[in-house]
Structures are given as C-alpha cells and as structure tokens.
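K.L.:
Handing over input-v4.pdb, PDB, C-alpha atoms, pLDDT in the B column.
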MODEL        1
ATOM      1  CA  GLY A  26     -13.743 -18.962 -23.126  1.00 46.00           C
ATOM      2  CA  SER A  27     -10.539 -17.210 -24.093  1.00 47.00           C
ATOM      3  CA  PRO A  28     -10.003 -13.583 -23.049  1.00 51.00           C
ATOM      4  CA  PRO A  29     -10.516 -10.831 -25.610  1.00 49.00           C
ATOM      5  CA  ALA A  30      -7.581  -9.912 -27.822  1.00 48.00           C
ATOM      6  CA  GLY A  31      -4.998  -7.970 -25.871  1.00 50.00           C
ATOM      7  CA  GLY A  32      -6.606  -8.957 -22.582  1.00 54.00           C
ATOM      8  CA  ASP A  33      -5.734 -11.273 -19.732  1.00 59.00           C
ATOM      9  CA  LEU A  34      -8.074 -13.248 -17.513  1.00 56.00           C
ATOM     10  CA  ARG A  35      -6.330 -11.965 -14.393  1.00 56.00           C
ATOM     11  CA  MET A  36      -7.228  -8.402 -15.331  1.00 54.00           C
ATOM     12  CA  MET A  37     -10.599  -9.092 -16.973  1.00 57.00           C
ATOM     13  CA  ASN A  38     -12.110 -10.867 -13.954  1.00 61.00           C
ATOM     14  CA  ILE A  39     -11.126  -8.481 -11.169  1.00 63.00           C
ATOM     15  CA  GLN A  40     -13.415  -8.491  -8.137  1.00 76.00           C
ATOM     16  CA  VAL A  41     -12.410  -5.399  -6.203  1.00 79.00           C
ATOM     17  CA  PHE A  42     -13.375  -6.519  -2.703  1.00 82.00           C
ATOM     18  CA  THR A  43     -12.589 -10.213  -3.017  1.00 83.00           C
ATOM     19  CA  GLY A  44     -10.636 -11.213   0.092  1.00 86.00           C
ATOM     20  CA  PHE A  45     -11.051  -7.771   1.679  1.00 90.00           C
ATOM     21  CA  ARG A  46     -11.861  -9.324   5.055  1.00 91.00           C
ATOM     22  CA  ALA A  47      -8.485 -11.074   5.069  1.00 91.00           C
ATOM     23  CA  THR A  48      -6.796  -7.781   4.192  1.00 91.00           C
ATOM     24  CA  LEU A  49      -8.564  -6.029   7.077  1.00 93.00           C
ATOM     25  CA  ILE A  50      -7.397  -8.741   9.459  1.00 94.00           C
ATOM     26  CA  GLU A  51      -3.796  -8.461   8.233  1.00 91.00           C
ATOM     27  CA  VAL A  52      -3.774  -4.696   8.714  1.00 92.00           C
ATOM     28  CA  ALA A  53      -5.475  -4.995  12.106  1.00 93.00           C
ATOM     29  CA  VAL A  54      -2.847  -7.476  13.292  1.00 93.00           C
ATOM     30  CA  ALA A  55      -0.168  -4.960  12.318  1.00 89.00           C
ATOM     31  CA  PHE A  56      -1.973  -1.981  13.869  1.00 89.00           C
ATOM     32  CA  VAL A  57      -3.229  -3.375  17.178  1.00 91.00           C
ATOM     33  CA  PRO A  58       0.226  -3.588  18.848  1.00 90.00           C
ATOM     34  CA  LEU A  59       0.955  -0.004  17.784  1.00 89.00           C
ATOM     35  CA  LEU A  60      -2.397   1.203  19.070  1.00 91.00           C
ATOM     36  CA  VAL A  61      -2.002  -0.605  22.389  1.00 92.00           C
ATOM     37  CA  SER A  62       1.534   0.754  22.803  1.00 91.00           C
ATOM     38  CA  PHE A  63       0.336   4.281  22.063  1.00 90.00           C
ATOM     39  CA  ILE A  64      -2.493   4.063  24.606  1.00 91.00           C
ATOM     40  CA  ILE A  65      -0.159   2.651  27.270  1.00 92.00           C
ATOM     41  CA  PHE A  66       2.392   5.412  26.740  1.00 90.00           C
ATOM     42  CA  GLN A  67      -0.355   8.024  26.690  1.00 88.00           C
ATOM     43  CA  PHE A  68      -1.376   7.181  30.247  1.00 88.00           C
ATOM     44  CA  TRP A  69       2.139   6.336  31.395  1.00 88.00           C
ATOM     45  CA  SER A  70       4.303   9.182  30.130  1.00 85.00           C
ATOM     46  CA  LEU A  71       2.965  11.127  27.132  1.00 84.00           C
ATOM     47  CA  ASN A  72      -0.066  12.712  28.822  1.00 87.00           C
ATOM     48  CA  LEU A  73      -1.257  14.386  25.632  1.00 88.00           C
ATOM     49  CA  SER A  74      -4.211  16.732  25.852  1.00 91.00           C
ATOM     50  CA  ARG A  75      -7.625  15.205  25.257  1.00 89.00           C
ATOM     51  CA  THR A  76      -7.978  16.977  21.900  1.00 93.00           C
ATOM     52  CA  ARG A  77      -4.590  15.844  20.649  1.00 92.00           C
ATOM     53  CA  PHE A  78      -5.152  12.303  21.904  1.00 91.00           C
ATOM     54  CA  VAL A  79      -8.479  12.082  20.051  1.00 92.00           C
ATOM     55  CA  ASN A  80      -6.885  13.519  16.912  1.00 94.00           C
ATOM     56  CA  MET A  81      -4.166  10.879  17.108  1.00 91.00           C
ATOM     57  CA  LEU A  82      -6.799   8.145  17.355  1.00 92.00           C
ATOM     58  CA  LYS A  83      -8.621   9.611  14.357  1.00 94.00           C
ATOM     59  CA  GLY A  84      -5.355   9.617  12.431  1.00 92.00           C
ATOM     60  CA  ILE A  85      -4.732   5.981  13.318  1.00 92.00           C
ATOM     61  CA  LEU A  86      -8.242   5.079  12.157  1.00 93.00           C
ATOM     62  CA  LEU A  87      -7.795   6.913   8.856  1.00 94.00           C
ATOM     63  CA  THR A  88      -4.416   5.247   8.362  1.00 91.00           C
ATOM     64  CA  PHE A  89      -5.985   1.852   9.024  1.00 93.00           C
ATOM     65  CA  ILE A  90      -8.717   2.474   6.452  1.00 94.00           C
ATOM     66  CA  GLY A  91      -6.307   3.912   3.894  1.00 90.00           C
ATOM     67  CA  LEU A  92      -3.754   1.125   4.238  1.00 87.00           C
ATOM     68  CA  SER A  93      -6.479  -1.528   4.024  1.00 91.00           C
ATOM     69  CA  LEU A  94      -7.842  -0.055   0.803  1.00 91.00           C
ATOM     70  CA  PHE A  95      -4.342   0.390  -0.601  1.00 85.00           C
ATOM     71  CA  LEU A  96      -3.307  -3.204   0.104  1.00 85.00           C
ATOM     72  CA  GLN A  97      -6.583  -4.471  -1.318  1.00 89.00           C
ATOM     73  CA  GLY A  98      -5.864  -2.510  -4.478  1.00 85.00           C
ATOM     74  CA  VAL A  99      -2.399  -4.015  -4.556  1.00 81.00           C
ATOM     75  CA  LYS A 100      -3.815  -7.533  -4.364  1.00 83.00           C
ATOM     76  CA  VAL A 101      -6.529  -7.176  -6.989  1.00 84.00           C
ATOM     77  CA  GLY A 102      -4.783  -4.821  -9.405  1.00 80.00           C
ATOM     78  CA  PHE A 103      -1.140  -4.121  -8.703  1.00 76.00           C
ATOM     79  CA  LEU A 104       0.091  -7.708  -8.371  1.00 79.00           C
ATOM     80  CA  PRO A 105      -1.726  -9.133 -11.424  1.00 82.00           C
ATOM     81  CA  ALA A 106      -0.656  -6.158 -13.540  1.00 80.00           C
ATOM     82  CA  GLY A 107       2.946  -6.530 -12.389  1.00 79.00           C
ATOM     83  CA  GLU A 108       2.982 -10.239 -13.168  1.00 80.00           C
ATOM     84  CA  ILE A 109       1.566  -9.615 -16.646  1.00 84.00           C
ATOM     85  CA  MET A 110       4.177  -6.915 -17.276  1.00 83.00           C
ATOM     86  CA  GLY A 111       6.921  -9.235 -16.057  1.00 84.00           C
ATOM     87  CA  GLU A 112       5.797 -12.040 -18.345  1.00 82.00           C
ATOM     88  CA  ALA A 113       5.635  -9.621 -21.282  1.00 85.00           C
ATOM     89  CA  LEU A 114       9.110  -8.251 -20.550  1.00 84.00           C
ATOM     90  CA  SER A 115      10.580 -11.750 -20.396  1.00 80.00           C
ATOM     91  CA  THR A 116       9.537 -12.367 -24.015  1.00 83.00           C
ATOM     92  CA  LEU A 117      11.643  -9.502 -25.384  1.00 82.00           C
ATOM     93  CA  SER A 118      14.162 -10.584 -28.001  1.00 83.00           C
ATOM     94  CA  ASN A 119      16.986  -8.738 -26.227  1.00 86.00           C
ATOM     95  CA  ILE A 120      16.818 -10.017 -22.655  1.00 87.00           C
ATOM     96  CA  TRP A 121      19.518  -7.573 -21.513  1.00 91.00           C
ATOM     97  CA  ILE A 122      17.062  -4.705 -21.876  1.00 91.00           C
ATOM     98  CA  LEU A 123      15.571  -5.949 -18.600  1.00 91.00           C
ATOM     99  CA  ILE A 124      18.439  -4.234 -16.758  1.00 93.00           C
ATOM    100  CA  PRO A 125      17.638  -0.637 -17.828  1.00 93.00           C
ATOM    101  CA  VAL A 126      13.916  -1.416 -17.585  1.00 91.00           C
ATOM    102  CA  GLY A 127      14.483  -2.625 -14.019  1.00 91.00           C
ATOM    103  CA  PHE A 128      16.390   0.556 -13.241  1.00 95.00           C
ATOM    104  CA  ILE A 129      13.528   2.721 -14.516  1.00 93.00           C
ATOM    105  CA  ILE A 130      10.938   0.703 -12.582  1.00 90.00           C
ATOM    106  CA  GLY A 131      12.943   0.907  -9.353  1.00 91.00           C
ATOM    107  CA  LEU A 132      13.469   4.642  -9.788  1.00 93.00           C
ATOM    108  CA  ALA A 133       9.835   5.391 -10.654  1.00 91.00           C
ATOM    109  CA  THR A 134       8.287   3.318  -7.866  1.00 89.00           C
ATOM    110  CA  THR A 135      10.604   4.823  -5.257  1.00 91.00           C
ATOM    111  CA  LEU A 136       9.792   8.359  -6.387  1.00 92.00           C
ATOM    112  CA  ALA A 137       6.101   7.482  -6.019  1.00 88.00           C
ATOM    113  CA  GLU A 138       6.463   5.725  -2.643  1.00 87.00           C
ATOM    114  CA  PRO A 139       4.393   7.653  -0.038  1.00 83.00           C
ATOM    115  CA  SER A 140       6.577   6.632   2.907  1.00 86.00           C
ATOM    116  CA  VAL A 141       9.648   8.020   1.142  1.00 92.00           C
ATOM    117  CA  HIS A 142       8.053  11.451   0.842  1.00 91.00           C
ATOM    118  CA  THR A 143       7.124  11.386   4.519  1.00 88.00           C
ATOM    119  CA  MET A 144      10.662  10.504   5.547  1.00 91.00           C
ATOM    120  CA  ILE A 145      12.448  13.066   3.382  1.00 92.00           C
ATOM    121  CA  TYR A 146      10.166  15.778   4.754  1.00 92.00           C
ATOM    122  CA  GLU A 147      10.963  14.736   8.318  1.00 90.00           C
ATOM    123  CA  VAL A 148      14.698  14.593   7.586  1.00 90.00           C
ATOM    124  CA  GLU A 149      14.715  18.029   5.973  1.00 91.00           C
ATOM    125  CA  THR A 150      12.771  19.454   8.915  1.00 90.00           C
ATOM    126  CA  ALA A 151      14.983  17.781  11.522  1.00 84.00           C
ATOM    127  CA  SER A 152      18.167  18.909   9.759  1.00 84.00           C
ATOM    128  CA  GLY A 153      16.951  22.480   9.429  1.00 85.00           C
ATOM    129  CA  GLY A 154      17.087  22.249   5.646  1.00 87.00           C
ATOM    130  CA  TYR A 155      20.678  20.980   5.627  1.00 87.00           C
ATOM    131  CA  ILE A 156      19.500  17.814   3.819  1.00 87.00           C
ATOM    132  CA  PRO A 157      17.092  18.953   1.064  1.00 92.00           C
ATOM    133  CA  GLN A 158      14.144  16.758   0.182  1.00 92.00           C
ATOM    134  CA  ASN A 159      15.004  16.565  -3.520  1.00 93.00           C
ATOM    135  CA  VAL A 160      18.555  15.394  -2.827  1.00 92.00           C
ATOM    136  CA  MET A 161      17.324  12.544  -0.642  1.00 92.00           C
ATOM    137  CA  LEU A 162      14.460  11.674  -2.974  1.00 93.00           C
ATOM    138  CA  TYR A 163      16.572  11.291  -6.095  1.00 94.00           C
ATOM    139  CA  THR A 164      19.420   9.624  -4.220  1.00 92.00           C
ATOM    140  CA  LEU A 165      17.025   6.994  -2.889  1.00 92.00           C
ATOM    141  CA  GLY A 166      15.417   6.640  -6.304  1.00 93.00           C
ATOM    142  CA  LEU A 167      18.746   6.125  -8.048  1.00 95.00           C
ATOM    143  CA  GLY A 168      19.837   3.637  -5.404  1.00 92.00           C
ATOM    144  CA  ALA A 169      16.630   1.647  -5.738  1.00 92.00           C
ATOM    145  CA  GLY A 170      16.882   1.774  -9.522  1.00 94.00           C
ATOM    146  CA  VAL A 171      20.412   0.394  -9.462  1.00 94.00           C
ATOM    147  CA  SER A 172      19.328  -2.341  -7.045  1.00 91.00           C
ATOM    148  CA  VAL A 173      16.436  -3.452  -9.238  1.00 92.00           C
ATOM    149  CA  GLY A 174      18.701  -3.334 -12.291  1.00 93.00           C
ATOM    150  CA  ILE A 175      21.173  -5.597 -10.493  1.00 92.00           C
ATOM    151  CA  SER A 176      18.339  -7.936  -9.533  1.00 90.00           C
ATOM    152  CA  MET A 177      17.443  -8.227 -13.221  1.00 91.00           C
ATOM    153  CA  LEU A 178      21.078  -9.072 -13.973  1.00 92.00           C
ATOM    154  CA  ARG A 179      20.890 -11.733 -11.284  1.00 90.00           C
ATOM    155  CA  LEU A 180      17.762 -13.209 -12.893  1.00 87.00           C
ATOM    156  CA  ILE A 181      19.406 -13.312 -16.319  1.00 87.00           C
ATOM    157  CA  LEU A 182      22.674 -14.869 -15.169  1.00 89.00           C
ATOM    158  CA  GLY A 183      21.307 -16.947 -12.292  1.00 87.00           C
ATOM    159  CA  ILE A 184      23.742 -15.435  -9.783  1.00 89.00           C
ATOM    160  CA  PRO A 185      23.205 -16.520  -6.136  1.00 89.00           C
ATOM    161  CA  LEU A 186      21.586 -13.842  -3.980  1.00 86.00           C
ATOM    162  CA  TRP A 187      24.252 -13.931  -1.279  1.00 90.00           C
ATOM    163  CA  TRP A 188      26.849 -12.712  -3.794  1.00 91.00           C
ATOM    164  CA  PHE A 189      25.100  -9.356  -3.542  1.00 89.00           C
ATOM    165  CA  LEU A 190      23.835  -9.406   0.047  1.00 88.00           C
ATOM    166  CA  VAL A 191      27.095 -10.169   1.825  1.00 92.00           C
ATOM    167  CA  PRO A 192      29.263  -7.533   0.062  1.00 91.00           C
ATOM    168  CA  GLY A 193      26.444  -5.003   0.330  1.00 88.00           C
ATOM    169  CA  TYR A 194      26.013  -5.432   4.075  1.00 88.00           C
ATOM    170  CA  LEU A 195      29.770  -5.471   4.641  1.00 93.00           C
ATOM    171  CA  MET A 196      30.128  -2.232   2.699  1.00 92.00           C
ATOM    172  CA  ALA A 197      27.288  -0.632   4.671  1.00 88.00           C
ATOM    173  CA  PHE A 198      28.774  -1.620   8.033  1.00 89.00           C
ATOM    174  CA  ILE A 199      32.258  -0.475   7.035  1.00 92.00           C
ATOM    175  CA  LEU A 200      30.960   2.894   5.842  1.00 89.00           C
ATOM    176  CA  THR A 201      29.268   3.494   9.201  1.00 88.00           C
ATOM    177  CA  ARG A 202      32.733   3.833  10.755  1.00 87.00           C
ATOM    178  CA  TYR A 203      33.635   6.696   8.430  1.00 87.00           C
ATOM    179  CA  CYS A 204      30.264   8.437   8.319  1.00 84.00           C
ATOM    180  CA  ALA A 205      29.048  11.235  10.584  1.00 82.00           C
ATOM    181  CA  ARG A 206      26.954   9.694  13.351  1.00 82.00           C
ATOM    182  CA  PRO A 207      23.667  11.510  12.535  1.00 81.00           C
ATOM    183  CA  PHE A 208      23.708  10.113   9.005  1.00 83.00           C
ATOM    184  CA  VAL A 209      23.875   6.456  10.068  1.00 87.00           C
ATOM    185  CA  PRO A 210      20.261   6.130  11.290  1.00 86.00           C
ATOM    186  CA  ILE A 211      19.068   8.205   8.327  1.00 86.00           C
ATOM    187  CA  ALA A 212      20.809   5.808   5.945  1.00 86.00           C
ATOM    188  CA  PHE A 213      19.355   2.670   7.508  1.00 86.00           C
ATOM    189  CA  ASP A 214      15.892   4.220   7.846  1.00 86.00           C
ATOM    190  CA  SER A 215      16.057   5.221   4.196  1.00 86.00           C
ATOM    191  CA  ALA A 216      16.691   1.626   3.211  1.00 83.00           C
ATOM    192  CA  SER A 217      13.627   0.396   5.083  1.00 83.00           C
ATOM    193  CA  VAL A 218      11.412   3.245   3.875  1.00 86.00           C
ATOM    194  CA  ALA A 219      12.465   2.839   0.237  1.00 84.00           C
ATOM    195  CA  THR A 220      11.200  -0.740   0.363  1.00 81.00           C
ATOM    196  CA  GLY A 221       7.661   0.378   1.152  1.00 78.00           C
ATOM    197  CA  PRO A 222       4.386  -1.251   0.090  1.00 75.00           C
ATOM    198  CA  MET A 223       4.270   0.337  -3.357  1.00 75.00           C
ATOM    199  CA  THR A 224       7.867  -0.407  -4.319  1.00 79.00           C
ATOM    200  CA  VAL A 225       7.986  -3.935  -2.948  1.00 79.00           C
ATOM    201  CA  THR A 226       4.657  -5.118  -4.304  1.00 79.00           C
ATOM    202  CA  PHE A 227       5.120  -3.760  -7.811  1.00 80.00           C
ATOM    203  CA  VAL A 228       8.769  -4.726  -8.231  1.00 85.00           C
ATOM    204  CA  LEU A 229       8.166  -8.128  -6.646  1.00 82.00           C
ATOM    205  CA  ALA A 230       5.219  -8.819  -8.941  1.00 82.00           C
ATOM    206  CA  ILE A 231       7.208  -7.886 -12.046  1.00 85.00           C
ATOM    207  CA  THR A 232      10.253  -9.945 -11.079  1.00 84.00           C
ATOM    208  CA  LEU A 233       8.050 -12.922 -10.195  1.00 80.00           C
ATOM    209  CA  GLY A 234       6.417 -12.660 -13.607  1.00 82.00           C
ATOM    210  CA  ILE A 235       9.815 -12.512 -15.311  1.00 83.00           C
ATOM    211  CA  ALA A 236      11.217 -15.399 -13.273  1.00 80.00           C
ATOM    212  CA  ALA A 237       8.153 -17.559 -13.921  1.00 76.00           C
ATOM    213  CA  ALA A 238       8.340 -16.999 -17.668  1.00 74.00           C
ATOM    214  CA  MET A 239      12.103 -17.450 -18.071  1.00 71.00           C
TER     215      MET A 239
ENDMDL
END
For this file, produce the structure as structure tokens.
P.N.:
Amino acid sequence: GSPPAGGDLRMMNIQVFTGFRATLIEVAVAFVPLLVSFIIFQFWSLNLSRTRFVNMLKGILLTFIGLSLFLQGVKVGFLPAGEIMGEALSTLSNIWILIPVGFIIGLATTLAEPSVHTMIYEVETASGGYIPQNVMLYTLGLGAGVSVGISMLRLILGIPLWWFLVPGYLMAFILTRYCARPFVPIAFDSASVATGPMTVTFVLAITLGIAAAM
C-alpha cells in the first residue's frame, strides 16, 4: 500500500540492523591493517607498558564498535533521510535557493563532524594555543559550506567537475610556496578531516537526491 501522508517508504520500513554483518566486515577490513601495524610497532620500537598497551587495545575495540554502529546508522537512517531531503529541495520553485541551503548544510555538518573536533584540539595543543580551536572550527565550516554551495551551483548549471578541481588544486599547491611550513600539513590534514563520515554521507545523500530528481 501507499505510505501514510507525509511519510516515505524508505523511512517507514527501516530495519535497524539490516546488513549489519556487512558493515562489521567493512570496518574490520579498515581496522585490521591498523591493528596489525600497531602490534608490530609495539614489539619493534614503541615498547609501551603493559597497562598502556592494553588500554590502547581497549580503545581500538571501542572505536571499532562505535564506528560500526555509526556507519550502520548512516546506512539505515542518514542516507535515506538525506536522499528524501534532496528530492524535496529539488522541487523548490526557486532552484537557486539550493546554493545557500548547500552552504548551511556544509557548515552545519562540518561543525558536527567528530573528527574535526579531534583535529582542532590536537592542533591547538600542538601549537601551544597559537591556533585556537574556534578559529579552525569555523574556518573549516565556512570552507566546507562554500564548497557545498559551489557543488549546488554545479548541479544547477551542469558545470564539469574538473573546472573546480584543477583550479582548486593549483591554488592549493601555489599557496604552499608562500605559507609557513608548519601550516602546510595542517591545511591538507584539515581537508581530509573535514570530509569525514558524517559530512560526506549526509552531503552526498542530499546531492544524490537532488541530482536524481532534477
């Protein structure tokens, strides 16, 4: 039968642990090389105390469980919700409103990205407070917001992706010549961290929904 008014079959028929085994396997494939590398370096050069070594293993286990549950939630809830939102946004009478909406989505998801908060804390600690967390957080958020806004513009106008990628990479590489050396790895790490699991999955789902409906 048809879904209730205001509903959607993708959200009404959610089975929380459907495909969870596949998610566990995916996370395990990503974690096993890291775990093996850690154990090898522990006996080769790290030589951590027994207590610290066990605590590290416990942390890895908790991370494995947490990431598995998070990615499962992404699959059964985040992605369908994002696609539905994208399809709804594509029906707006003024299609250009997708650009500011994309900016807000990119900003909000980056501010909520767990890996971003971990990185800005580490950077502030390593720099002795010279680079405050809030400055990095909102700079990354604004950058991600602008990027998602531009991606919406690309969807509307059908602009080829390389028109943005090539100038962007060229600008980044040129700026490295005029930037203080310690900031170069921070900048490139920030780019990878800002595209974490929360940001990528939600933004990707929304843009896929928009693209499919346009």
K.L.:
Given the file shown, determine the residues that the PyMOL selection byres ((chain A and resi 175-180) around 10) selects; report them as a PDB file with C-alpha atoms, in the coordinates of the input.
P.N.:
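Contents of the output file expr.pdb:
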ATOM      1  CA  ILE A 120      16.818 -10.017 -22.655  1.00 87.00           C
ATOM      2  CA  TRP A 121      19.518  -7.573 -21.513  1.00 91.00           C
ATOM      3  CA  ILE A 122      17.062  -4.705 -21.876  1.00 91.00           C
ATOM      4  CA  LEU A 123      15.571  -5.949 -18.600  1.00 91.00           C
ATOM      5  CA  ILE A 124      18.439  -4.234 -16.758  1.00 93.00           C
ATOM      6  CA  PRO A 125      17.638  -0.637 -17.828  1.00 93.00           C
ATOM      7  CA  VAL A 126      13.916  -1.416 -17.585  1.00 91.00           C
ATOM      8  CA  GLY A 127      14.483  -2.625 -14.019  1.00 91.00           C
ATOM      9  CA  PHE A 128      16.390   0.556 -13.241  1.00 95.00           C
ATOM     10  CA  ALA A 169      16.630   1.647  -5.738  1.00 92.00           C
ATOM     11  CA  GLY A 170      16.882   1.774  -9.522  1.00 94.00           C
ATOM     12  CA  VAL A 171      20.412   0.394  -9.462  1.00 94.00           C
ATOM     13  CA  SER A 172      19.328  -2.341  -7.045  1.00 91.00           C
ATOM     14  CA  VAL A 173      16.436  -3.452  -9.238  1.00 92.00           C
ATOM     15  CA  GLY A 174      18.701  -3.334 -12.291  1.00 93.00           C
ATOM     16  CA  ILE A 181      19.406 -13.312 -16.319  1.00 87.00           C
ATOM     17  CA  LEU A 182      22.674 -14.869 -15.169  1.00 89.00           C
ATOM     18  CA  GLY A 183      21.307 -16.947 -12.292  1.00 87.00           C
ATOM     19  CA  ILE A 184      23.742 -15.435  -9.783  1.00 89.00           C
ATOM     20  CA  PRO A 185      23.205 -16.520  -6.136  1.00 89.00           C
ATOM     21  CA  LEU A 186      21.586 -13.842  -3.980  1.00 86.00           C
ATOM     22  CA  TRP A 188      26.849 -12.712  -3.794  1.00 91.00           C
ATOM     23  CA  PHE A 189      25.100  -9.356  -3.542  1.00 89.00           C
ATOM     24  CA  THR A 232      10.253  -9.945 -11.079  1.00 84.00           C
ATOM     25  CA  ILE A 235       9.815 -12.512 -15.311  1.00 83.00           C
ATOM     26  CA  ALA A 236      11.217 -15.399 -13.273  1.00 80.00           C
ATOM     27  CA  MET A 239      12.103 -17.450 -18.071  1.00 71.00           C
TER      28      MET A 239
END
K.L.:
Which residues come within 12 Å of Ala197 of chain A, counting all atoms listed in the file, excluding same-chain residues fewer than 3 positions away, as a list in words?
P.N.:
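Residues meeting the cut-off are Leu190, Val191, Pro192, Gly193, Tyr194, Leu200, Thr201, Arg202, Tyr203, Cys204, Val209, Pro210, Ala212, Phe213 and Ala216 of chain A.
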K.L.:
Residues picked by the PyMOL selection byres ((chain A and resi 217-221) around 7) here, as a list in words?
P.N.:
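This file gives the following for the PyMOL selection byres ((chain A and resi 217-221) around 7): Thr135, Glu138, Ser140, Val141, Leu165, Phe213, Asp214, Ser215, Ala216, Pro222, Met223, Thr224 and Val225 of chain A.
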K.L.:
Atom CA of Ala205 of chain A to atom CA of Gln158 of chain A: how many Å, to one decimal?
P.N.:
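Atom CA of Gln158 of chain A lies 19.0 Å from atom CA of Ala205 of chain A.
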K.L.:
Write out as a list in words the residues lying within 12 Å of Gln67 of chain A, counting all atoms listed in the file and excluding same-chain residues fewer than 5 positions away.
P.N.:
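Result of the neighbour search: Leu60, Val61, Ser62, Asn72, Leu73, Ser74, Arg75, Arg77, Phe78, Val79, Met81 and Leu82 of chain A.
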K.L.:
Return the padded bounding box of segment 80-88 of chain A as JSON: axis-aligned, built from all atoms listed in the file, 3 Å added on each side, with centre and edge lengths in Å to one decimal.
P.N.:
{"center_x": -6.4, "center_y": 9.3, "center_z": 12.9, "size_x": 10.5, "size_y": 14.4, "size_z": 15.0}
K.L.:
When distances are computed from all atoms listed in the file, which of A:Ile211, A:Arg206, A:Ile85, A:Leu229 shows the smallest separation from Ile145 of chain A?
P.N.:
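Checking each of A:Ile211, A:Arg206, A:Ile85, A:Leu229 against Ile145 of chain A, counting all atoms listed in the file, the winner is A:Ile211.
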K.L.:
Select, from A:Ala113, A:Ala106, A:Leu71, A:Val57, the residue with the minimum atom-to-atom distance to Ala237 of chain A, counting only C-alpha atoms.
P.N.:
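The answer is A:Ala113, which sits nearest to Ala237 of chain A.
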K.L.:
Grab the atom CA of Phe227 of chain A to atom CA of Val41 of chain A distance for me, in Å with one decimal place.
P.N.:
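If I compute the distance from atom CA of Phe227 of chain A to atom CA of Val41 of chain A, I get 17.7 Å.
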K.L.:
Which of these residues is nearest to Val228 of chain A, using all atoms listed in the file: A:Leu96, A:Leu167, A:Ala137, A:Leu104?
P.N.:
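Of all the options, A:Leu104 lies closest to Val228 of chain A.
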K.L.:
Just want the 8 Å neighbourhood of Leu136 of chain A, counted on all atoms listed in the file, with same-chain residues fewer than 3 positions away dropped. Output as a PDB file with C-alpha atoms, keeping the file's coordinate frame.
P.N.:
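Saved file result22.pdb follows:
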ATOM      1  CA  LEU A 132      13.469   4.642  -9.788  1.00 93.00           C
ATOM      2  CA  ALA A 133       9.835   5.391 -10.654  1.00 91.00           C
ATOM      3  CA  VAL A 141       9.648   8.020   1.142  1.00 92.00           C
ATOM      4  CA  LEU A 162      14.460  11.674  -2.974  1.00 93.00           C
ATOM      5  CA  TYR A 163      16.572  11.291  -6.095  1.00 94.00           C
ATOM      6  CA  GLY A 166      15.417   6.640  -6.304  1.00 93.00           C
TER       7      GLY A 166
END
K.L.:
Just the number, please: distance in Å from atom CA of Val52 of chain A to atom CA of Met144 of chain A, one decimal.
P.N.:
21.2 Å
K.L.:
Give me the residues within 12 Å of Val101 of chain A as a ChimeraX atom specification, counting all atoms listed in the file and dropping any in the same chain fewer than 2 places off.
P.N.:
/A:35-45,48,94-99,103-108,226
K.L.:
For segment 150-154 of chain A, work out the shell of residues within 12 Å, counting all atoms listed in the file and skipping chain neighbours fewer than 6 positions away, then give it as a VMD selection string.
P.N.:
chain A and resid 143 to 144 160 to 161 207 to 208 211
